[in-house]
file structure.txt (compact mmCIF, C-alpha atoms)
# COMPACT_ATOMS: atom_id res chain seq x y z
CA MET N 1 2.69 0.12 18.83
CA THR N 2 5.49 -2.18 19.93
CA ASP N 3 6.55 -5.15 17.86
CA LEU N 4 7.20 -7.29 20.90
CA ALA N 5 4.27 -9.62 20.36
CA GLY N 6 4.89 -13.01 18.80
CA PRO N 7 3.82 -14.09 15.34
CA ASP N 8 0.57 -15.74 16.33
CA ASP N 9 -0.60 -13.67 19.23
CA ASP N 10 -0.14 -10.11 18.13
CA SER N 11 -3.47 -8.58 18.87
CA GLU N 12 -3.76 -4.99 19.92
CA ASN N 13 -7.19 -3.92 21.06
CA GLY N 14 -8.42 -7.29 19.85
CA THR N 15 -7.43 -6.65 16.23
CA PRO N 16 -4.99 -9.21 14.84
CA ARG N 17 -1.94 -7.77 13.15
CA MET N 18 0.55 -8.90 10.56
CA THR N 19 3.83 -7.03 10.47
CA ARG N 20 6.67 -7.03 7.95
CA SER N 21 8.62 -9.48 10.11
CA GLU N 22 5.66 -11.86 10.33
CA LEU N 23 5.26 -11.70 6.57
CA ILE N 24 8.95 -12.62 6.28
CA GLN N 25 8.47 -15.49 8.71
CA ARG N 26 5.44 -16.87 6.91
CA LEU N 27 7.08 -16.70 3.50
CA SER N 28 10.20 -18.37 4.89
CA GLU N 29 8.11 -21.22 6.23
CA MET N 30 6.44 -21.63 2.86
CA ASN N 31 9.81 -21.61 1.08
CA PRO N 32 12.18 -23.71 3.21
CA HIS N 33 14.70 -23.85 0.36
CA LEU N 34 15.33 -20.08 0.64
CA TYR N 35 17.51 -18.35 3.20
CA GLN N 36 15.57 -16.00 5.43
CA ARG N 37 17.81 -13.11 4.36
CA ASP N 38 16.76 -13.76 0.75
CA VAL N 39 13.09 -13.67 1.73
CA GLU N 40 13.78 -10.38 3.50
CA ARG N 41 15.38 -9.00 0.36
CA ILE N 42 12.50 -10.17 -1.82
CA ILE N 43 9.93 -8.45 0.38
CA ALA N 44 12.05 -5.29 0.63
CA THR N 45 12.46 -5.27 -3.16
CA VAL N 46 8.70 -5.44 -3.72
CA PHE N 47 7.87 -2.55 -1.37
CA ASP N 48 10.90 -0.49 -2.46
CA GLU N 49 9.81 -0.92 -6.07
CA VAL N 50 6.31 0.37 -5.27
CA SER N 51 7.79 3.31 -3.30
CA ALA N 52 10.20 4.17 -6.13
CA ALA N 53 7.40 4.04 -8.70
CA LEU N 54 5.24 6.41 -6.65
CA SER N 55 8.21 8.74 -6.18
CA ARG N 56 8.54 8.94 -9.98
CA GLY N 57 4.84 9.77 -10.20
CA ASP N 58 3.99 6.34 -11.62
CA ARG N 59 0.99 4.21 -10.71
CA VAL N 60 1.19 0.63 -9.49
CA GLU N 61 -1.70 -1.61 -10.41
CA LEU N 62 -1.94 -5.06 -8.87
CA ARG N 63 -5.07 -6.78 -10.17
CA GLY N 64 -7.18 -8.31 -7.44
CA PHE N 65 -5.20 -6.58 -4.71
CA GLY N 66 -5.43 -2.89 -5.50
CA ALA N 67 -3.78 0.15 -7.05
CA PHE N 68 -1.34 2.71 -5.65
CA SER N 69 -1.19 6.22 -7.03
CA VAL N 70 -0.07 9.69 -6.01
CA LYS N 71 -2.51 12.52 -5.56
CA ARG N 72 -1.54 16.17 -5.70
CA ARG N 73 -2.72 18.49 -2.97
CA GLY N 74 -2.55 22.07 -4.26
CA PRO N 75 -1.05 24.96 -2.30
CA ARG N 76 -3.44 26.51 0.17
CA VAL N 77 -3.62 29.07 2.91
CA GLY N 78 -3.77 27.23 6.20
CA ARG N 79 -4.13 28.48 9.71
CA ASN N 80 -2.08 27.94 12.78
CA PRO N 81 -4.77 26.47 15.02
CA ARG N 82 -3.15 27.90 18.13
CA THR N 83 -2.61 31.49 17.07
CA GLY N 84 -5.13 31.78 14.25
CA SER N 85 -2.56 33.39 11.99
CA SER N 86 -2.63 32.31 8.35
CA VAL N 87 0.29 30.43 6.84
CA GLN N 88 1.03 29.50 3.25
CA VAL N 89 1.03 25.69 2.84
CA SER N 90 2.86 24.66 -0.32
CA GLU N 91 1.76 21.99 -2.76
CA LYS N 92 2.35 18.39 -1.73
CA HIS N 93 1.85 14.87 -3.01
CA VAL N 94 0.25 12.07 -1.05
CA PRO N 95 0.25 8.35 -1.76
CA PHE N 96 -3.18 6.81 -2.25
CA PHE N 97 -4.38 3.19 -2.34
CA LYS N 98 -7.63 1.84 -3.71
CA ALA N 99 -8.46 -1.78 -2.93
CA GLY N 100 -9.12 -4.04 -5.92
CA LYS N 101 -12.50 -5.54 -6.66
CA GLU N 102 -11.58 -9.06 -5.58
CA LEU N 103 -10.13 -8.00 -2.23
CA ARG N 104 -13.02 -5.61 -1.60
CA GLU N 105 -15.46 -8.46 -2.15
CA ARG N 106 -13.49 -10.82 0.07
CA LEU N 107 -13.65 -8.31 2.91
CA ASN N 108 -17.40 -8.57 2.84
CA THR N 109 -17.88 -12.28 2.33
CA GLU N 110 -15.44 -13.73 4.86
CA ASP N 111 -15.20 -13.33 8.58
CA MET G 1 7.62 11.89 -13.68
CA THR G 2 7.16 9.30 -16.38
CA GLY G 3 3.47 8.54 -15.88
CA ARG G 4 3.84 4.79 -16.33
CA THR G 5 1.82 2.05 -14.67
CA LEU G 6 3.71 -0.76 -12.99
CA THR G 7 2.20 -4.22 -12.69
CA ARG G 8 3.02 -7.57 -11.13
CA ALA G 9 5.35 -8.24 -14.06
CA ASP G 10 7.52 -5.25 -13.09
CA LEU G 11 7.66 -6.37 -9.47
CA SER G 12 8.65 -9.93 -10.43
CA GLU G 13 11.29 -8.58 -12.79
CA ALA G 14 12.74 -6.47 -9.95
CA VAL G 15 12.84 -9.53 -7.67
CA TYR G 16 14.43 -11.56 -10.47
CA GLN G 17 17.16 -8.91 -10.98
CA GLU G 18 17.77 -8.47 -7.26
CA VAL G 19 17.82 -12.02 -5.93
CA GLY G 20 18.73 -14.22 -8.87
CA LEU G 21 15.95 -16.78 -8.60
CA SER G 22 14.24 -17.96 -11.77
CA ARG G 23 11.68 -15.66 -13.37
CA HIS G 24 8.98 -18.19 -12.58
CA GLU G 25 9.88 -18.41 -8.91
CA SER G 26 10.24 -14.62 -8.64
CA ALA G 27 6.70 -14.24 -9.98
CA GLN G 28 5.41 -16.86 -7.56
CA LEU G 29 6.99 -15.08 -4.60
CA VAL G 30 5.41 -11.75 -5.54
CA GLU G 31 2.10 -13.60 -5.77
CA SER G 32 2.66 -15.20 -2.35
CA ILE G 33 3.33 -11.83 -0.75
CA LEU G 34 0.10 -10.39 -2.13
CA LYS G 35 -1.82 -13.50 -1.15
CA GLN G 36 -0.55 -13.52 2.43
CA MET G 37 -1.48 -9.87 2.79
CA SER G 38 -4.92 -10.36 1.21
CA ASP G 39 -5.66 -13.38 3.40
CA ALA G 40 -4.75 -11.46 6.55
CA LEU G 41 -6.90 -8.50 5.52
CA ALA G 42 -9.84 -10.73 4.57
CA ALA G 43 -9.59 -12.21 8.06
CA GLY G 44 -9.92 -8.68 9.45
CA ALA G 45 -6.28 -8.19 10.41
CA THR G 46 -4.19 -5.05 10.07
CA VAL G 47 -1.12 -5.44 7.88
CA LYS G 48 1.73 -3.20 8.95
CA ILE G 49 4.76 -2.91 6.71
CA SER G 50 7.42 -0.79 8.41
CA SER G 51 8.69 2.19 6.39
CA PHE G 52 5.95 1.60 3.80
CA GLY G 53 2.56 1.88 5.46
CA SER G 54 -0.29 -0.01 7.04
CA PHE G 55 -3.46 -1.50 5.64
CA SER G 56 -6.42 -1.87 7.95
CA VAL G 57 -10.03 -2.91 7.72
CA ARG G 58 -12.66 -0.48 8.88
CA GLN G 59 -16.26 -1.39 9.66
CA LYS G 60 -18.80 1.01 8.15
CA GLY G 61 -22.28 1.22 9.58
CA GLN G 62 -25.53 1.18 7.66
CA ARG G 63 -26.48 4.54 6.16
CA VAL G 64 -28.95 6.05 3.76
CA GLY G 65 -27.50 7.16 0.44
CA GLN G 66 -28.76 8.56 -2.81
CA ASN G 67 -28.14 7.47 -6.36
CA PRO G 68 -26.56 10.66 -7.72
CA LYS G 69 -27.96 10.01 -11.19
CA THR G 70 -31.57 9.15 -10.39
CA GLY G 71 -31.86 10.73 -6.95
CA ALA G 72 -33.38 7.51 -5.62
CA VAL G 73 -32.89 6.96 -1.91
CA VAL G 74 -31.19 3.66 -1.10
CA THR G 75 -30.03 1.99 2.09
CA ILE G 76 -26.32 1.25 2.06
CA LEU G 77 -25.73 -1.90 4.07
CA PRO G 78 -23.03 -2.15 6.72
CA ARG G 79 -19.77 -3.17 5.09
CA ARG G 80 -16.04 -3.42 5.59
CA VAL G 81 -13.64 -1.17 3.74
CA LEU G 82 -9.88 -1.21 3.38
CA VAL G 83 -7.85 1.85 4.33
CA PHE G 84 -4.18 2.45 3.63
CA ARG G 85 -2.08 4.82 5.70
CA ALA G 86 1.29 5.56 4.18
CA SER G 87 4.23 5.76 6.57
CA HIS G 88 6.08 9.03 7.03
CA VAL G 89 9.09 7.46 5.33
CA LEU G 90 7.07 6.89 2.15
CA LYS G 91 5.35 10.30 2.28
CA ASN G 92 8.67 12.07 2.74
CA GLN G 93 10.31 10.08 -0.04
CA ILE G 94 7.53 10.99 -2.47
CA ASN G 95 7.53 14.68 -1.58
CA ALA G 96 11.31 14.96 -1.68
CA SER G 97 11.28 13.41 -5.13
CA PHE G 98 8.51 15.67 -6.46
CA GLU G 99 10.23 18.75 -5.03
CA LYS G 100 13.48 17.77 -6.69
CA ALA G 101 11.68 17.27 -9.99
CA ARG G 102 10.06 20.67 -9.68
CA ALA G 103 13.34 22.38 -8.80
CA GLY G 104 15.14 20.79 -11.73
CA GLU G 105 12.35 21.20 -14.22
CA SER G 106 12.83 23.61 -17.12
CA GLY G 107 9.47 24.62 -18.47
CA GLN G 108 8.11 21.07 -18.20
CA GLN G 109 5.06 20.49 -16.04
CA PRO G 110 4.92 17.30 -14.02
CA THR G 111 1.78 15.35 -14.77
CA GLY G 112 -0.40 14.62 -11.79
call {"tool": "encode", "arguments": {"input": "structure.txt", "output": "structure tokens"}}
result
Amino acid sequence: MTDLAGPDDDSENGTPRMTRSELIQRLSEMNPHLYQRDVERIIATVFDEVSAALSRGDRVELRGFGAFSVKRRGPRVGRNPRTGSSVQVSEKHVPFFKAGKELRERLNTED
Amino acid sequence: MTGRTLTRADLSEAVYQEVGLSRHESAQLVESILKQMSDALAAGATVKISSFGSFSVRQKGQRVGQNPKTGAVVTILPRRVLVFRASHVLKNQINASFEKARAGESGQQPTG
């Protein structure tokens, strides 16, 4: 899981990857009039905004791309797999993403 | 715990406030980010955004399913699905925030 690979050859087990820094690089190339540090801030703002919304319990709906929401996992009695003793696991909230229709369709029509 | 839904417009507004580009250009940049990510995913790539999470494409094999309403047996063709794994940073941020809300709440129930 290192980020040592370059922007174009970043395969790991044959699966191509795009990281945050590659996204920054691509957007910088597309917008030569912007400083790279501004592109970095723009991308950070977008993901920070989604994170902050989820932390408030809000949903984020991006048509065509997908929707982020938070699901509640109720308290439960879990077990320590090693000792078998039961432990109380308190309620928690987990982020959830559902791909949008357009993206879901693209996944199955392109290579 | 306000229960709102944010859209592209909210993200562009945040970019506009933060960076000081025009509203139009802020909106276009948000669109570009989503497009770059979508294009990569459509090409089968994994998109990994540090401290946020990673999106990856998983190949599902053919299986036999049932229409829950009619009970009819149908073959579900092999297909590709998108999975999102939130980073620990995001998970911790969300849980810390919900715990804080619960600790500070006075008779008000947070809505799921």
call {"tool": "interface_residues", "arguments": {"input": "structure.txt", "of": "chain N", "to": "chain G", "cutoff": "8 Å", "atoms": "only C-alpha atoms", "output": "PyMOL selection string"}}
result
chain N and resi 15-20+23+27+38+41-43+45-47+49+51+53-62+65+70-72+92-97+99+103-104+106-108+110-111
call {"tool": "atom_distance", "arguments": {"input": "structure.txt", "atom1": "CA of Glu29 in chain N", "atom2": "CA of Ser22 in chain G"}}
result
19.3 Å
call {"tool": "atom_distance", "arguments": {"input": "structure.txt", "atom1": "CA of Glu25 in chain G", "atom2": "CA of Val50 in chain N"}}
result
19.5 Å
call {"tool": "atom_distance", "arguments": {"input": "structure.txt", "atom1": "CA of His33 in chain N", "atom2": "CA of Arg23 in chain G"}}
result
16.3 Å
